[in-house]
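Chemist: Pasting run_7.tsv here (TSV, C-alpha atoms):
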chain	number	residue	atom	x	y	z
A	1	MET	CA	4.07	10.19	-3.77
A	2	ARG	CA	1.24	7.91	-4.84
A	3	SER	CA	-1.62	7.51	-2.40
A	4	GLU	CA	-2.23	4.11	-0.81
A	5	ASP	CA	-5.42	3.84	-2.90
A	6	ASP	CA	-3.51	4.42	-6.15
A	7	ARG	CA	-0.82	1.93	-5.14
A	8	LEU	CA	-3.41	-0.75	-4.35
A	9	SER	CA	-5.15	-0.15	-7.71
A	10	GLN	CA	-1.84	-0.43	-9.57
A	11	THR	CA	-0.88	-3.63	-7.72
A	12	PHE	CA	-4.26	-5.27	-8.37
A	13	ALA	CA	-4.12	-4.26	-12.06
A	14	ALA	CA	-0.59	-5.70	-12.40
A	15	LEU	CA	-1.73	-9.00	-10.85
A	16	ALA	CA	-4.79	-9.31	-13.12
A	17	ASN	CA	-2.83	-11.35	-15.68
A	18	SER	CA	-1.74	-14.98	-15.40
A	19	THR	CA	1.58	-14.46	-17.26
A	20	ARG	CA	2.56	-11.69	-14.83
A	21	ARG	CA	1.61	-13.90	-11.86
A	22	ALA	CA	3.72	-16.73	-13.35
A	23	ILE	CA	6.69	-14.34	-13.70
A	24	LEU	CA	6.36	-13.45	-10.00
A	25	ALA	CA	6.15	-17.14	-9.04
A	26	ARG	CA	9.40	-17.76	-10.95
A	27	LEU	CA	11.15	-14.78	-9.30
A	28	ALA	CA	10.06	-15.98	-5.86
A	29	GLU	CA	12.60	-18.81	-6.43
A	30	GLY	CA	15.43	-16.37	-7.19
A	31	GLU	CA	16.56	-13.64	-9.58
A	32	ALA	CA	16.32	-14.22	-13.36
A	33	THR	CA	17.15	-12.39	-16.57
A	34	VAL	CA	14.45	-11.36	-19.05
A	35	ASN	CA	15.60	-14.23	-21.33
A	36	GLU	CA	15.24	-16.75	-18.51
A	37	LEU	CA	11.80	-15.36	-17.64
A	38	ALA	CA	10.66	-15.57	-21.28
A	39	GLU	CA	11.75	-19.21	-21.71
A	40	PRO	CA	8.65	-21.04	-20.32
A	41	PHE	CA	6.22	-18.83	-22.26
A	42	ASP	CA	5.25	-19.05	-25.91
A	43	MET	CA	5.74	-15.31	-26.19
A	44	SER	CA	8.08	-12.85	-27.88
A	45	LEU	CA	10.76	-11.08	-25.83
A	46	PRO	CA	9.07	-7.67	-26.39
A	47	ALA	CA	5.77	-9.11	-25.06
A	48	ILE	CA	7.50	-10.45	-21.93
A	49	SER	CA	9.41	-7.16	-21.52
A	50	LYS	CA	6.08	-5.31	-21.56
A	51	HIS	CA	4.74	-7.52	-18.73
A	52	ILE	CA	7.97	-6.92	-16.79
A	53	ARG	CA	7.57	-3.15	-17.17
A	54	VAL	CA	3.99	-3.37	-15.77
A	55	LEU	CA	5.29	-5.35	-12.76
A	56	GLU	CA	8.18	-2.91	-12.34
A	57	ARG	CA	5.89	0.16	-12.39
A	58	ALA	CA	3.73	-1.52	-9.71
A	59	GLY	CA	6.86	-1.98	-7.57
A	60	LEU	CA	6.58	-5.79	-7.75
A	61	ILE	CA	9.96	-6.30	-9.38
A	62	THR	CA	13.24	-4.43	-9.54
A	63	GLN	CA	15.74	-4.74	-12.35
A	64	GLY	CA	19.52	-4.59	-11.91
A	65	GLN	CA	21.63	-1.99	-13.70
A	66	LYS	CA	24.46	-4.12	-15.16
A	67	ALA	CA	24.62	-3.38	-18.92
A	68	GLN	CA	23.97	-6.74	-20.61
A	69	TYR	CA	22.91	-8.80	-17.63
A	70	ARG	CA	20.04	-7.04	-15.89
A	71	PRO	CA	18.56	-9.61	-13.51
A	72	CYS	CA	15.00	-9.11	-12.25
A	73	ASN	CA	14.17	-9.57	-8.58
A	74	ILE	CA	10.81	-9.80	-6.85
A	75	ASP	CA	9.81	-7.08	-4.36
A	76	VAL	CA	7.00	-8.40	-2.16
A	77	THR	CA	6.14	-5.05	-0.48
A	78	PRO	CA	2.99	-4.52	-2.64
A	79	LEU	CA	1.91	-8.15	-2.00
A	80	GLU	CA	2.17	-7.51	1.73
A	81	GLU	CA	-0.08	-4.44	1.25
A	82	ILE	CA	-2.78	-6.40	-0.57
A	83	SER	CA	-2.52	-9.17	2.03
A	84	ARG	CA	-3.24	-6.56	4.75
A	85	TRP	CA	-6.12	-5.14	2.67
A	86	THR	CA	-7.67	-8.62	2.23
A	87	GLU	CA	-7.38	-9.38	5.97
A	88	GLN	CA	-10.18	-6.88	6.76
A	89	TYR	CA	-12.63	-9.35	5.15
A	90	ARG	CA	-11.31	-12.51	6.84
A	91	HIS	CA	-13.88	-12.32	9.69
A	92	ILE	CA	-16.66	-12.63	7.07
A	93	TRP	CA	-15.41	-15.88	5.51
A	94	GLU	CA	-14.48	-17.27	8.93
A	95	ALA	CA	-18.01	-16.51	10.22
A	96	ARG	CA	-19.38	-18.38	7.19
A	97	PHE	CA	-17.28	-21.46	8.12
A	98	ASP	CA	-18.66	-21.30	11.67
A	99	LEU	CA	-22.24	-21.27	10.32
A	100	MET	CA	-21.40	-24.25	8.11
A	101	ASP	CA	-20.00	-26.14	11.12
A	102	ASP	CA	-23.23	-25.49	13.06
A	103	TYR	CA	-25.31	-26.70	10.11
A	104	ILE	CA	-23.25	-29.92	9.75
A	105	ASN	CA	-23.62	-30.49	13.51
A	106	GLN	CA	-27.38	-30.09	13.22
A	107	LEU	CA	-27.53	-32.51	10.28
A	108	SER	CA	-25.58	-35.11	12.24
A	109	GLY	CA	-27.97	-34.73	15.19
A	110	ASN	CA	-25.66	-32.73	17.45
A	111	GLN	CA	-26.73	-29.46	19.00
A	112	PRO	CA	-24.73	-26.36	18.04
A	113	LYS	CA	-22.34	-25.30	20.77
A	114	GLU	CA	-23.91	-23.27	23.63
A	115	ILE	CA	-22.43	-19.80	24.05
B	116	MET	CA	-16.44	-23.35	-15.66
B	117	ARG	CA	-13.77	-20.69	-15.45
B	118	SER	CA	-10.28	-21.86	-14.55
B	119	GLU	CA	-8.74	-20.74	-11.26
B	120	ASP	CA	-6.30	-18.58	-13.26
B	121	ASP	CA	-9.16	-16.77	-15.05
B	122	ARG	CA	-11.04	-16.29	-11.78
B	123	LEU	CA	-7.98	-14.79	-10.09
B	124	SER	CA	-7.42	-12.43	-13.05
B	125	GLN	CA	-11.06	-11.31	-12.95
B	126	THR	CA	-10.97	-10.76	-9.17
B	127	PHE	CA	-7.73	-8.74	-9.34
B	128	ALA	CA	-9.11	-6.65	-12.24
B	129	ALA	CA	-12.34	-5.95	-10.31
B	130	LEU	CA	-10.34	-4.82	-7.26
B	131	ALA	CA	-8.08	-2.49	-9.31
B	132	ASN	CA	-10.42	0.47	-8.71
B	133	SER	CA	-10.85	2.48	-5.49
B	134	THR	CA	-14.63	3.06	-6.00
B	135	ARG	CA	-15.21	-0.68	-6.32
B	136	ARG	CA	-13.11	-1.34	-3.20
B	137	ALA	CA	-15.16	1.31	-1.32
B	138	ILE	CA	-18.40	-0.40	-2.44
B	139	LEU	CA	-17.11	-3.70	-1.01
B	140	ALA	CA	-16.11	-1.99	2.26
B	141	ARG	CA	-19.66	-0.60	2.56
B	142	LEU	CA	-21.22	-4.03	1.83
B	143	ALA	CA	-19.00	-5.67	4.45
B	144	GLU	CA	-21.17	-3.76	6.97
B	145	GLY	CA	-24.41	-5.20	5.55
B	146	GLU	CA	-26.58	-5.33	2.42
B	147	ALA	CA	-27.40	-2.09	0.56
B	148	THR	CA	-29.41	-0.99	-2.47
B	149	VAL	CA	-27.74	0.60	-5.52
B	150	ASN	CA	-29.10	4.00	-4.38
B	151	GLU	CA	-27.58	3.57	-0.93
B	152	LEU	CA	-24.27	2.50	-2.48
B	153	ALA	CA	-24.25	5.52	-4.83
B	154	GLU	CA	-24.88	8.06	-2.03
B	155	PRO	CA	-21.30	8.64	-0.76
B	156	PHE	CA	-19.90	9.00	-4.30
B	157	ASP	CA	-20.04	12.01	-6.58
B	158	MET	CA	-21.10	9.71	-9.40
B	159	SER	CA	-24.17	9.07	-11.55
B	160	LEU	CA	-26.33	6.00	-10.86
B	161	PRO	CA	-25.37	4.44	-14.25
B	162	ALA	CA	-21.67	4.84	-13.38
B	163	ILE	CA	-22.19	3.13	-10.00
B	164	SER	CA	-24.31	0.41	-11.64
B	165	LYS	CA	-21.45	-0.28	-14.02
B	166	HIS	CA	-19.02	-0.78	-11.11
B	167	ILE	CA	-21.58	-3.08	-9.44
B	168	ARG	CA	-21.83	-5.18	-12.61
B	169	VAL	CA	-18.01	-5.59	-12.68
B	170	LEU	CA	-18.06	-6.72	-9.04
B	171	GLU	CA	-21.01	-9.06	-9.74
B	172	ARG	CA	-19.27	-10.66	-12.76
B	173	ALA	CA	-16.21	-11.28	-10.56
B	174	GLY	CA	-18.45	-13.01	-8.00
B	175	LEU	CA	-17.70	-10.39	-5.34
B	176	ILE	CA	-21.30	-9.29	-4.92
B	177	THR	CA	-24.71	-10.87	-5.43
B	178	GLN	CA	-27.87	-8.89	-6.13
B	179	GLY	CA	-31.34	-9.86	-4.83
B	180	GLN	CA	-34.21	-10.51	-7.20
B	181	LYS	CA	-37.05	-8.45	-5.62
B	182	ALA	CA	-38.44	-6.14	-8.35
B	183	GLN	CA	-37.88	-2.58	-7.03
B	184	TYR	CA	-35.68	-3.32	-4.06
B	185	ARG	CA	-32.69	-5.35	-5.18
B	186	PRO	CA	-30.22	-5.27	-2.31
B	187	CYS	CA	-26.56	-6.04	-3.00
B	188	ASN	CA	-24.59	-8.38	-0.74
B	189	ILE	CA	-20.88	-9.06	-0.54
B	190	ASP	CA	-19.56	-12.53	-1.40
B	191	VAL	CA	-16.07	-12.93	0.03
B	192	THR	CA	-15.23	-16.23	-1.73
B	193	PRO	CA	-12.98	-14.52	-4.35
B	194	LEU	CA	-11.25	-12.50	-1.58
B	195	GLU	CA	-10.47	-15.74	0.23
B	196	GLU	CA	-8.93	-17.05	-3.02
B	197	ILE	CA	-6.65	-14.03	-3.44
B	198	SER	CA	-5.74	-14.23	0.25
B	199	ARG	CA	-4.60	-17.85	-0.31
B	200	TRP	CA	-2.71	-16.80	-3.46
B	201	THR	CA	-0.89	-14.02	-1.57
B	202	GLU	CA	0.06	-16.36	1.30
B	203	GLN	CA	2.58	-18.18	-0.94
B	204	TYR	CA	4.77	-15.03	-0.78
B	205	ARG	CA	4.46	-14.44	2.97
B	206	HIS	CA	7.72	-16.32	3.74
B	207	ILE	CA	9.60	-13.76	1.60
B	208	TRP	CA	8.40	-10.66	3.47
B	209	GLU	CA	8.77	-12.43	6.82
B	210	ALA	CA	12.36	-13.38	5.96
B	211	ARG	CA	13.00	-9.71	5.16
B	212	PHE	CA	11.74	-8.71	8.62
B	213	ASP	CA	14.09	-11.27	10.21
B	214	LEU	CA	17.04	-9.78	8.30
B	215	MET	CA	16.00	-6.31	9.47
B	216	ASP	CA	15.85	-7.53	13.08
B	217	ASP	CA	19.39	-8.94	12.79
B	218	TYR	CA	20.62	-5.65	11.32
B	219	ILE	CA	19.04	-3.61	14.13
B	220	ASN	CA	20.59	-5.99	16.68
B	221	GLN	CA	24.01	-5.50	15.06
B	222	LEU	CA	23.61	-1.70	15.09
B	223	SER	CA	22.74	-1.78	18.78
B	224	GLY	CA	25.82	-3.93	19.50
B	225	ASN	CA	24.01	-7.23	20.04
B	226	GLN	CA	24.98	-10.37	18.21
B	227	PRO	CA	22.35	-11.93	15.90
B	228	LYS	CA	20.77	-15.03	17.38
B	229	GLU	CA	22.82	-18.25	17.02
B	230	ILE	CA	21.02	-20.96	15.03
Using structure tokens, write down the structure from this file.
Modeler:
Amino acid sequence: MRSEDDRLSQTFAALANSTRRAILARLAEGEATVNELAEPFDMSLPAISKHIRVLERAGLITQGQKAQYRPCNIDVTPLEEISRWTEQYRHIWEARFDLMDDYINQLSGNQPKEI
Amino acid sequence: MRSEDDRLSQTFAALANSTRRAILARLAEGEATVNELAEPFDMSLPAISKHIRVLERAGLITQGQKAQYRPCNIDVTPLEEISRWTEQYRHIWEARFDLMDDYINQLSGNQPKEI
């Protein structure tokens, strides 16, 4: 079994490409075949298939087993993991917004809130 | 100016490495010099410096300008961007939890909630 650290690295690496993110955005609307996924991109089928394999290895999509028609589906489990990972930093950007509020209050002549 | 797509790709690529994520976790606690950042890792200073440069190029850390003592600081702006990007998929994993709740209710003999 891959460690959580390895899984996160693989998810982040898979998302570091705008075509792969666009494929996920399309699959969020419903399943699609490789041909359907390739349509909006000026890209060969083998190039799209390669992106799909990267997403599949990262657990972000699953592909059906029917012989000719193998629809792809999104699996959001790895996205949920990176969402949880990112949450640990939320207090930092929220604290920055609070500081900005205080500064704007000072500029407009109001006192920052008493604690 | 880099496009939002390029910025997201660069952020995801920078985060696709467990050492770089550990450096960010350390900096979330407060500023640190390159030597302090290198300490917990069995890695040469040049190797750590290389990771720091990747994080700096992605806008995830800033480095002070004082000659000998150049402390690194975290900048969470790119993390906030990927948090917003991930949020667009939240409804999918939340819907999955709702389905799971209904299934557990059925197993335990309860009817799923009427809509």
Chemist: Find the residue from B:Arg172, B:Arg136, B:Arg185, B:His166 that sits nearest to chain A; use all atoms listed in the file when measuring.
Modeler: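 Looking at the shortest contact to chain A, the residue is B:Arg136.
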Chemist: Go through B:Thr177, B:Gln203, B:Asn150, B:Ser223 one by one, measure the shortest atom-to-atom distance of each to chain A using only C-alpha atoms, and give the residue with the smallest value.
Modeler: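 Using only C-alpha atoms, the shortest distance to chain A belongs to B:Gln203.
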Chemist: Between atom CA of Trp208 of chain B and atom CA of Asp75 of chain A, measure the distance and give it in Å to one decimal.
Modeler: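 Atom-to-atom, atom CA of Trp208 of chain B to atom CA of Asp75 of chain A, that is 8.7 Å.
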Chemist: Would you give me, as a PyMOL selection string, the residues of chain B that come within 8 Å of chain A, using only C-alpha atoms?
Modeler: chain B and resi 120-121+123-128+130-133+143+191-192+194-195+197-198+201-202+204-205+207-208
Chemist: Identify the residues around (-24.0, -5.4, -14.5) within a radius of 12 Å, measuring from all atoms listed in the file in the coordinates stated by the file, and give them as a list in words.
Modeler: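 Within the cut-off we find Val149, Pro161, Ala162, Ile163, Ser164, Lys165, His166, Ile167, Arg168, Val169, Leu170, Glu171, Arg172, Ala173, Gly174, Ile176, Thr177, Gln178 and Cys187 of chain B.
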Chemist: May I ask for the distance between atom CA of Pro155 of chain B and atom CA of Gln180 of chain B, given in Å to one decimal place?
Modeler: 24.0 Å
Chemist: Quote the spacing between atom CA of Ile138 of chain B and atom CA of Phe97 of chain A in Å to one decimal place.
Modeler: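 Interatomic distance here is 23.6 Å.
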Chemist: As lines of an AutoDock Vina configuration file, what would the box around segment 133-137 of chain B look like: edges along x, y and z, 8 Å added on every side, centre and edge lengths in Å to one decimal?
Modeler:
center_x = -13.0
center_y = 0.9
center_z = -3.8
size_x = 20.4
size_y = 20.4
size_z = 21.0
